[in-house]
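> Structure file protein_6.cif (mmCIF, C-alpha atoms) right here:
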```
data_my_file
#
loop_
_atom_site.label_atom_id
_atom_site.label_comp_id
_atom_site.auth_asym_id
_atom_site.auth_seq_id
_atom_site.Cartn_x
_atom_site.Cartn_y
_atom_site.Cartn_z
CA MET A 1 -93.28 93.11 -96.57
CA ALA A 2 -94.67 90.81 -93.90
CA ALA A 3 -97.12 92.37 -91.48
CA GLU A 4 -95.76 93.03 -88.03
CA SER A 5 -97.04 90.32 -85.74
CA PRO A 6 -95.80 88.53 -82.63
CA THR A 7 -95.34 85.29 -84.53
CA ALA A 8 -93.03 86.88 -87.11
CA GLU A 9 -90.63 87.92 -84.35
CA ARG A 10 -90.15 84.50 -82.84
CA LYS A 11 -87.13 82.37 -83.55
CA VAL A 12 -87.44 79.16 -85.50
CA VAL A 13 -85.22 76.14 -84.87
CA VAL A 14 -83.82 74.86 -88.14
CA HIS A 15 -82.26 71.42 -88.39
CA LEU A 16 -80.05 70.91 -91.42
CA ARG A 17 -80.02 67.33 -92.57
CA ALA A 18 -77.44 65.95 -95.00
CA THR A 19 -78.71 63.47 -97.58
CA GLY A 20 -76.85 61.31 -100.06
CA ASP A 21 -73.14 61.99 -99.89
CA ALA A 22 -73.45 65.60 -98.78
CA PRO A 23 -71.11 66.49 -95.91
CA ILE A 24 -72.62 66.48 -92.43
CA LEU A 25 -72.33 69.72 -90.49
CA LYS A 26 -70.79 69.80 -87.05
CA GLN A 27 -73.40 72.31 -86.06
CA ALA A 28 -76.56 71.17 -87.76
CA LYS A 29 -79.09 72.99 -85.59
CA PHE A 30 -79.49 76.72 -85.26
CA LYS A 31 -82.09 79.37 -84.59
CA ILE A 32 -83.16 81.96 -87.08
CA SER A 33 -85.68 84.75 -86.91
CA GLY A 34 -89.05 83.77 -88.35
CA SER A 35 -89.20 87.00 -90.31
CA ASP A 36 -86.03 86.13 -92.20
CA LYS A 37 -86.23 84.75 -95.69
CA PHE A 38 -85.29 81.19 -96.49
CA SER A 39 -82.41 82.58 -98.56
CA LYS A 40 -80.63 83.15 -95.24
CA VAL A 41 -80.75 79.42 -94.51
CA ILE A 42 -79.37 78.67 -97.97
CA GLU A 43 -76.59 81.21 -97.54
CA PHE A 44 -75.73 79.80 -94.12
CA LEU A 45 -75.44 76.34 -95.65
CA ARG A 46 -73.27 77.57 -98.49
CA ARG A 47 -70.90 79.28 -96.08
CA GLN A 48 -70.69 76.28 -93.77
CA LEU A 49 -70.06 73.83 -96.56
CA HIS A 50 -67.93 76.11 -98.75
CA ARG A 51 -70.02 74.93 -101.60
CA ASP A 52 -72.23 76.78 -103.97
CA THR A 53 -74.35 74.27 -105.77
CA LEU A 54 -76.61 72.69 -103.22
CA PHE A 55 -79.98 71.15 -103.59
CA VAL A 56 -82.18 72.12 -100.67
CA TYR A 57 -85.60 70.68 -99.91
CA ILE A 58 -88.16 70.08 -97.17
CA ASN A 59 -89.85 66.83 -96.13
CA SER A 60 -89.42 65.02 -99.50
CA ALA A 61 -92.08 67.43 -100.69
CA PHE A 62 -90.58 70.50 -102.31
CA SER A 63 -87.71 72.90 -102.63
CA PRO A 64 -88.61 76.23 -100.99
CA ASN A 65 -88.36 79.47 -102.87
CA PRO A 66 -85.59 81.59 -101.30
CA ASP A 67 -88.08 84.44 -100.78
CA GLU A 68 -90.34 82.39 -98.51
CA LEU A 69 -90.37 83.48 -94.88
CA VAL A 70 -88.94 80.98 -92.44
CA ILE A 71 -91.96 81.36 -90.17
CA ASP A 72 -94.33 80.41 -93.01
CA LEU A 73 -92.27 77.32 -93.76
CA TYR A 74 -92.18 76.35 -90.11
CA ASN A 75 -95.91 76.91 -89.56
CA ASN A 76 -96.81 74.75 -92.54
CA PHE A 77 -94.08 72.12 -92.62
CA GLY A 78 -92.35 72.14 -89.26
CA PHE A 79 -92.78 69.35 -86.74
CA ASP A 80 -91.49 68.52 -83.26
CA GLY A 81 -90.70 72.21 -82.77
CA LYS A 82 -88.29 72.49 -85.69
CA LEU A 83 -88.02 72.94 -89.42
CA VAL A 84 -86.01 70.16 -91.01
CA VAL A 85 -84.18 71.27 -94.13
CA ASN A 86 -82.56 68.56 -96.23
CA TYR A 87 -79.61 69.27 -98.46
CA ALA A 88 -77.80 67.28 -101.11
CA SER A 89 -74.92 67.97 -103.44
CA SER A 90 -75.79 68.33 -107.10
CA MET A 91 -74.79 64.96 -108.45
CA ALA A 92 -72.65 64.58 -111.50
CA TRP A 93 -74.34 63.04 -114.47
CA GLY A 94 -73.33 59.58 -115.51
CA MET B 1 -102.40 54.53 -110.71
CA GLN B 2 -100.27 51.45 -110.25
CA SER B 3 -99.72 51.19 -113.99
CA GLU B 4 -95.95 51.22 -113.56
CA THR B 5 -95.63 48.99 -110.51
CA SER B 6 -92.16 47.60 -110.26
CA ALA B 7 -89.95 45.98 -107.67
CA ARG B 8 -87.04 48.11 -108.90
CA GLN B 9 -86.20 51.37 -107.22
CA TRP B 10 -88.13 54.28 -108.63
CA ASP B 11 -86.30 55.98 -111.49
CA GLY B 12 -87.54 59.52 -110.94
CA THR B 13 -89.90 59.53 -113.91
CA LEU B 14 -93.63 59.94 -114.32
CA SER B 15 -95.61 57.72 -116.66
CA PRO B 16 -97.74 59.28 -119.41
CA ASN B 17 -100.85 57.83 -117.78
CA ASP B 18 -99.95 59.28 -114.39
CA PHE B 19 -99.35 62.68 -115.96
CA ASN B 20 -102.63 62.61 -117.84
CA SER B 21 -104.67 61.33 -114.93
CA SER B 22 -103.33 63.94 -112.51
CA VAL B 23 -103.55 67.16 -114.52
CA ALA B 24 -107.16 67.85 -113.60
CA ALA B 25 -106.42 67.33 -109.91
CA PHE B 26 -103.36 69.54 -110.24
CA CYS B 27 -105.41 72.42 -111.71
CA GLU B 28 -108.04 71.95 -109.02
CA ARG B 29 -105.49 71.98 -106.24
CA TRP B 30 -103.81 75.11 -107.62
CA LYS B 31 -107.17 76.85 -107.70
CA GLU B 32 -107.94 75.69 -104.17
CA VAL B 33 -104.75 77.08 -102.68
CA ASN B 34 -105.02 80.43 -104.35
CA ASP B 35 -107.65 81.34 -106.89
CA SER B 36 -106.42 84.92 -107.22
CA LEU B 37 -103.26 83.75 -108.96
CA PRO B 38 -103.19 83.05 -112.69
CA GLN B 39 -104.60 79.58 -113.17
CA TRP B 40 -103.30 76.46 -114.82
CA LEU B 41 -105.55 75.16 -117.58
CA TRP B 42 -105.45 71.98 -119.58
CA GLU B 43 -105.12 72.58 -123.29
CA PRO B 44 -106.18 69.45 -125.20
CA PHE B 45 -104.34 68.86 -128.42
CA PRO B 46 -105.78 65.97 -130.36
CA VAL B 47 -103.13 64.31 -132.48
CA VAL B 48 -104.74 63.00 -135.62
CA GLY B 49 -103.66 59.50 -136.62
CA ASP B 50 -101.23 59.01 -133.76
CA SER B 51 -102.68 56.33 -131.53
CA SER B 52 -99.46 56.02 -129.53
CA CYS B 53 -99.87 59.51 -128.13
CA ASN B 54 -101.23 59.09 -124.63
CA ALA B 55 -100.91 62.62 -123.31
CA ALA B 56 -102.68 64.66 -125.96
CA GLY B 57 -102.40 68.09 -124.45
CA TYR B 58 -100.48 70.26 -122.06
CA LEU B 59 -100.98 72.58 -119.12
CA THR B 60 -100.91 76.32 -119.64
CA MET B 61 -100.65 79.34 -117.41
CA GLU B 62 -100.74 82.41 -119.59
CA ASN B 63 -100.82 86.16 -119.43
CA VAL B 64 -98.70 86.32 -116.31
CA TYR B 65 -97.75 89.93 -115.91
CA HIS B 66 -94.33 90.93 -114.76
CA GLN B 67 -93.20 94.42 -113.99
CA ASN B 68 -89.63 95.26 -113.12
CA ALA B 69 -89.24 97.37 -110.03
CA SER B 70 -86.36 98.70 -107.97
CA GLU B 71 -85.40 95.19 -106.81
CA GLU B 72 -83.64 94.83 -110.11
CA VAL B 73 -80.93 97.13 -108.84
CA SER B 74 -79.86 94.80 -106.08
CA HIS B 75 -79.92 91.51 -107.96
CA GLU B 76 -76.53 91.91 -109.54
CA GLU B 77 -74.89 92.41 -106.21
CA SER B 78 -76.53 89.49 -104.50
CA ILE B 79 -75.06 87.07 -107.01
CA LEU B 80 -71.56 88.10 -105.97
CA GLY B 81 -71.85 88.90 -102.31
CA ASP B 82 -73.30 86.93 -99.49
CA GLU B 83 -74.38 89.70 -97.19
CA ASP B 84 -77.98 90.32 -96.51
CA LEU B 85 -78.94 93.05 -98.91
CA SER B 86 -82.21 94.57 -97.92
CA ASP B 87 -81.81 98.07 -99.20
CA ASP B 88 -84.92 99.96 -98.24
CA ALA B 89 -83.57 103.18 -99.65
CA THR B 90 -83.59 102.20 -103.35
CA LEU B 91 -85.56 104.53 -105.54
CA VAL B 92 -88.65 103.30 -107.23
CA GLN B 93 -88.27 103.54 -110.98
CA SER B 94 -91.01 105.20 -112.89
CA CYS B 95 -92.74 102.30 -114.58
CA GLY B 96 -93.98 102.93 -118.05
CA LYS B 97 -95.79 100.48 -120.27
CA ASP B 98 -92.45 99.36 -121.66
CA ASP B 99 -91.62 97.84 -118.33
CA ILE B 100 -94.56 95.45 -118.32
CA HIS B 101 -93.79 92.03 -119.68
CA VAL B 102 -96.18 89.14 -120.17
CA TYR B 103 -95.25 85.51 -119.73
CA ASP B 104 -96.81 82.26 -120.81
CA TYR B 105 -95.85 78.99 -119.11
CA HIS B 106 -96.62 75.56 -120.48
CA ILE B 107 -96.08 72.18 -118.86
CA VAL B 108 -95.61 69.59 -121.57
CA TYR B 109 -94.99 65.89 -121.01
CA SER B 110 -91.82 64.55 -122.60
CA PHE B 111 -92.09 61.02 -123.91
CA ASN B 112 -88.33 60.81 -124.38
CA PHE B 113 -87.44 61.62 -120.81
CA ARG B 114 -90.74 60.56 -119.21
CA VAL B 115 -90.95 63.73 -117.16
CA PRO B 116 -92.89 67.00 -117.38
CA VAL B 117 -91.04 69.89 -119.01
CA LEU B 118 -91.57 73.60 -118.55
CA TYR B 119 -91.72 75.77 -121.63
CA PHE B 120 -92.09 79.52 -121.39
CA ARG B 121 -91.98 82.68 -123.41
CA GLY B 122 -92.14 86.37 -122.65
CA TYR B 123 -93.29 89.32 -124.67
CA ARG B 124 -93.98 93.02 -124.35
CA LEU B 125 -97.47 94.47 -124.27
CA ASP B 126 -97.21 95.18 -127.98
CA GLY B 127 -96.70 91.46 -128.59
CA CYS B 128 -93.01 91.75 -129.38
CA PRO B 129 -91.21 88.64 -128.08
CA LEU B 130 -88.57 89.12 -125.42
CA LYS B 131 -85.00 88.18 -126.14
CA LEU B 132 -83.09 86.06 -123.68
CA GLU B 133 -81.30 89.08 -122.22
CA ASP B 134 -84.66 90.76 -121.59
CA ILE B 135 -85.97 87.68 -119.84
CA GLU B 136 -82.85 87.46 -117.71
CA LYS B 137 -83.50 91.00 -116.47
CA ASP B 138 -86.91 89.85 -115.25
CA LEU B 139 -85.53 86.89 -113.33
CA PRO B 140 -84.69 87.16 -109.64
CA ALA B 141 -81.07 86.72 -108.59
CA TYR B 142 -81.60 83.23 -107.23
CA SER B 143 -83.00 82.08 -110.59
CA LEU B 144 -80.06 83.44 -112.54
CA LYS B 145 -77.62 81.87 -110.13
CA GLY B 146 -79.32 78.49 -110.36
CA LEU B 147 -79.53 78.62 -114.16
CA ARG B 148 -75.86 79.51 -114.46
CA GLU B 149 -74.45 77.18 -111.84
CA SER B 150 -76.67 74.18 -111.40
CA LYS B 151 -76.04 71.13 -113.54
CA TRP B 152 -79.66 70.24 -113.17
CA THR B 153 -81.48 73.36 -114.31
CA PHE B 154 -80.41 75.16 -117.41
CA MET B 155 -82.29 76.97 -120.08
CA THR B 156 -82.32 76.21 -123.78
CA GLN B 157 -84.48 77.20 -126.70
CA GLU B 158 -86.46 74.38 -128.26
CA ASP B 159 -89.40 73.95 -130.53
CA HIS B 160 -92.57 73.63 -128.49
CA PRO B 161 -93.63 70.01 -129.14
CA TYR B 162 -97.19 70.97 -129.98
CA LEU B 163 -96.99 74.55 -131.21
CA ARG B 164 -93.82 74.03 -133.24
CA ARG B 165 -92.43 77.47 -132.47
CA PRO B 166 -89.26 78.16 -130.48
CA TRP B 167 -89.92 78.57 -126.78
CA TYR B 168 -87.52 78.74 -123.88
CA THR B 169 -87.36 75.63 -121.80
CA LEU B 170 -85.60 74.06 -118.86
CA HIS B 171 -83.84 71.07 -120.27
CA PRO B 172 -85.32 67.84 -118.88
CA CYS B 173 -82.17 65.71 -118.84
CA GLY B 174 -81.52 66.16 -115.11
CA THR B 175 -85.12 66.07 -113.93
CA SER B 176 -85.40 62.42 -112.94
CA ASP B 177 -82.08 62.65 -111.08
CA TRP B 178 -83.05 65.52 -108.83
CA LEU B 179 -86.54 64.22 -108.29
CA LYS B 180 -85.08 60.97 -107.04
CA VAL B 181 -83.12 63.02 -104.51
CA LEU B 182 -85.99 65.26 -103.50
CA ILE B 183 -88.72 62.67 -103.16
CA GLY B 184 -86.35 59.94 -102.10
CA SER B 185 -87.53 56.49 -101.28
CA ASN B 186 -90.11 57.44 -98.70
CA ALA B 187 -93.02 56.91 -101.04
CA ALA B 188 -94.85 53.62 -100.72
CA ASN B 189 -93.72 51.20 -103.41
CA ASN B 190 -90.89 53.70 -104.02
CA GLN B 191 -93.13 55.71 -106.31
CA PRO B 192 -94.83 58.97 -105.34
CA ARG B 193 -98.40 59.92 -106.07
CA PRO B 194 -98.52 61.93 -109.33
CA LEU B 195 -99.73 65.09 -107.60
CA HIS B 196 -96.84 64.91 -105.17
CA TYR B 197 -94.50 64.44 -108.12
CA LEU B 198 -95.90 67.42 -110.04
CA SER B 199 -95.79 69.82 -107.12
CA ALA B 200 -92.28 68.74 -106.14
CA TRP B 201 -91.18 69.17 -109.74
CA LEU B 202 -92.81 72.57 -110.01
CA SER B 203 -91.13 73.80 -106.84
CA VAL B 204 -87.74 73.42 -108.49
CA VAL B 205 -88.54 74.55 -112.03
CA GLY B 206 -90.58 77.43 -110.63
CA GLN B 207 -87.52 78.71 -108.80
CA ALA B 208 -85.44 78.42 -111.94
CA VAL B 209 -87.76 80.80 -113.80
CA GLY B 210 -88.75 83.03 -110.89
CA LEU B 211 -92.27 81.63 -110.63
CA ARG B 212 -93.52 81.73 -107.06
CA ILE B 213 -95.50 78.66 -106.05
CA PRO B 214 -98.05 78.92 -103.21
CA LEU B 215 -96.98 76.79 -100.24
CA GLY B 216 -100.42 75.22 -99.99
CA LEU B 217 -99.72 73.20 -103.11
CA TYR B 218 -97.17 71.11 -101.22
CA LYS B 219 -99.35 70.18 -98.32
CA SER B 220 -100.76 66.69 -98.42
CA GLN B 221 -104.48 66.63 -98.80
#
```
As structure tokens, what does this structure read like?

Amino acid sequence: MAAESPTAERKVVVHLRATGDAPILKQAKFKISGSDKFSKVIEFLRRQLHRDTLFVYINSAFSPNPDELVIDLYNNFGFDGKLVVNYASSMAWG
Amino acid sequence: MQSETSARQWDGTLSPNDFNSSVAAFCERWKEVNDSLPQWLWEPFPVVGDSSCNAAGYLTMENVYHQNASEEVSHEESILGDEDLSDDATLVQSCGKDDIHVYDYHIVYSFNFRVPVLYFRGYRLDGCPLKLEDIEKDLPAYSLKGLRESKWTFMTQEDHPYLRRPWYTLHPCGTSDWLKVLIGSNAANNQPRPLHYLSAWLSVVGQAVGLRIPLGLYKSQ
């Protein structure tokens, strides 16, 4: 779906950041192809944490749609050469 | 804008005044980031004799066309498996008029929960309303998964507060909780600007109903 371009082929460094009481990953940084969808990041997180219900968001600003391309997220919201993705466990209601 | 200034930690809600005062800016911003998408409009709804009603109206985005294509075939599998399923060989279904569905989305402020709430409905081209199982067929796999599994986003049918007809809605009871997580305590005075709040909120509810939000909406102006 995305047009072939040099930028889409590059790798993006993703830094997964635990928030609240979510477990911290041993390997929190990895590289992913820019042309991959964000759903791949979500799936990676789910596999690493053995947990299905996660709340994933970027920069205190928004939760990305799983169909977004990683390169688009990085170009718009990345900084210091990486895309920081925050994750939290869905909290129980009081 | 500082109508709800408080030394307490922010509770994840939006005041009626903040909602009201930001809707015009929200519509403007949406138009700025992509004016080829269906637009959000403010629908005023004067409430006669009710002086306590601050937010007399709601946001609407209507006549959003949806057509099911071959992607529907893969959605069932992606709920169960975790492999990357990009199946380029799926056949394209022949799309007749029956396959075109139309959706209306409304953003209505809830005075009970002090948060915006998404209401939506779908119907066929002949005006016949879609049942829940029809709507579910239109939703992408990630929406269905979230609706079924997340404690924070689930769908119910409620009377539209202004139109008094049953619409589908994402129940607002968890909204302030997940907004507190998402926005966190980075905002000055622990309270985000209303436009930041609305776009953050929409990013989550949009996913729950398969509504794609342009990334530009989230960028600070």
> Which is closest to Arg46 (chain A) among A:Tyr87, A:Glu9, A:Asp21, A:Gly78, if we use all atoms listed in the file?
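Distance minimum relative to Arg46 (chain A) lands on A:Tyr87.
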> Nearest to Asp67 (chain A): which of A:Val41, A:Ile24, A:Ala18, A:Val84 is it, counting only C-alpha atoms?
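With only C-alpha atoms as the atom set, the closest residue is A:Val41.
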> Report the residues retrieved by the PyMOL selection byres ((chain A) within 6 of (chain B)) from the displayed file, expressed as an mmCIF file with C-alpha atoms, in the frame of the given file.

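Written out: selection-v3.cif:
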```cif
data_model
loop_
_atom_site.group_PDB
_atom_site.id
_atom_site.type_symbol
_atom_site.label_atom_id
_atom_site.label_comp_id
_atom_site.auth_asym_id
_atom_site.auth_seq_id
_atom_site.Cartn_x
_atom_site.Cartn_y
_atom_site.Cartn_z
ATOM 1 C CA SER A 60 -89.420 65.020 -99.500
ATOM 2 C CA ALA A 61 -92.080 67.430 -100.690
ATOM 3 C CA PHE A 62 -90.580 70.500 -102.310
ATOM 4 C CA SER A 63 -87.710 72.900 -102.630
#
```
> Running the PyMOL selection byres ((chain A and resi 83) around 7) on this model by hand, what would come out? Give it as a PDB file with C-alpha atoms, in the coordinates of the input.

```pdb
ATOM      1  CA  VAL A  13     -85.220  76.140 -84.870  1.00  0.00           C
ATOM      2  CA  VAL A  14     -83.820  74.860 -88.140  1.00  0.00           C
ATOM      3  CA  HIS A  15     -82.260  71.420 -88.390  1.00  0.00           C
ATOM      4  CA  TYR A  74     -92.180  76.350 -90.110  1.00  0.00           C
ATOM      5  CA  PHE A  77     -94.080  72.120 -92.620  1.00  0.00           C
ATOM      6  CA  GLY A  78     -92.350  72.140 -89.260  1.00  0.00           C
ATOM      7  CA  PHE A  79     -92.780  69.350 -86.740  1.00  0.00           C
ATOM      8  CA  LYS A  82     -88.290  72.490 -85.690  1.00  0.00           C
ATOM      9  CA  VAL A  84     -86.010  70.160 -91.010  1.00  0.00           C
ATOM     10  CA  VAL A  85     -84.180  71.270 -94.130  1.00  0.00           C
TER      11      VAL A  85
END
```
> Kindly resolve the PyMOL selection byres ((chain B and resi 45) around 7) on the present coordinates and return the residues as a list of chain:residue names.
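Matching residues under the PyMOL selection byres ((chain B and resi 45) around 7) are B:Glu43, B:Pro44, B:Pro46, B:Val47, B:Ala56, B:Gly57.
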> Hey, can you check how far CA of Leu59 (chain B) sits from CA of Trp42 (chain B)?
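Going from CA of Leu59 (chain B) over to CA of Trp42 (chain B) covers 4.5 Å.
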> Which residue out of B:Gln191, B:Gln39, B:Thr60, B:Thr13 has the minimum interatomic distance to Thr175 (chain B) when all atoms listed in the file are used?
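The shortest atom-to-atom distance to Thr175 (chain B) comes from B:Thr13.
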> Report as a list in words all protein, DNA and RNA residues lying within 6 Å of Lys37 (chain A), evaluated on only C-alpha atoms, omitting residues in the same chain fewer than 2 positions from it.
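The residues that qualify are Ser39, Lys40, Asp67, Glu68, Leu69 and Val70 of chain A.
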> Take CA of Ile42 (chain A) and CA of Leu54 (chain A) and report the distance between them in Å, one decimal.
8.4 Å
> Set up a box along x, y and z of the file covering all listed atoms of region 39-51 of chain A, add 3 Å on every one of the six sides, and write the centre and edge lengths in Å to one decimal, as lines of an AutoDock Vina configuration file.

```
center_x = -75.2
center_y = 78.5
center_z = -97.7
size_x = 20.5
size_y = 15.3
size_z = 13.8
```
> Given all atoms listed in the file as the basis, pick out the residue of A:Ser35, A:Phe55, A:Ala88, A:Lys26 nearest to Asp72 (chain A).
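Smallest distance to Asp72 (chain A) is found for A:Ser35.
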> Using CA of Leu16 (chain A) and CA of Arg148 (chain B) as the two end points, give the distance in Å to one decimal.
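For CA of Leu16 (chain A) relative to CA of Arg148 (chain B), the distance reads 24.9 Å.
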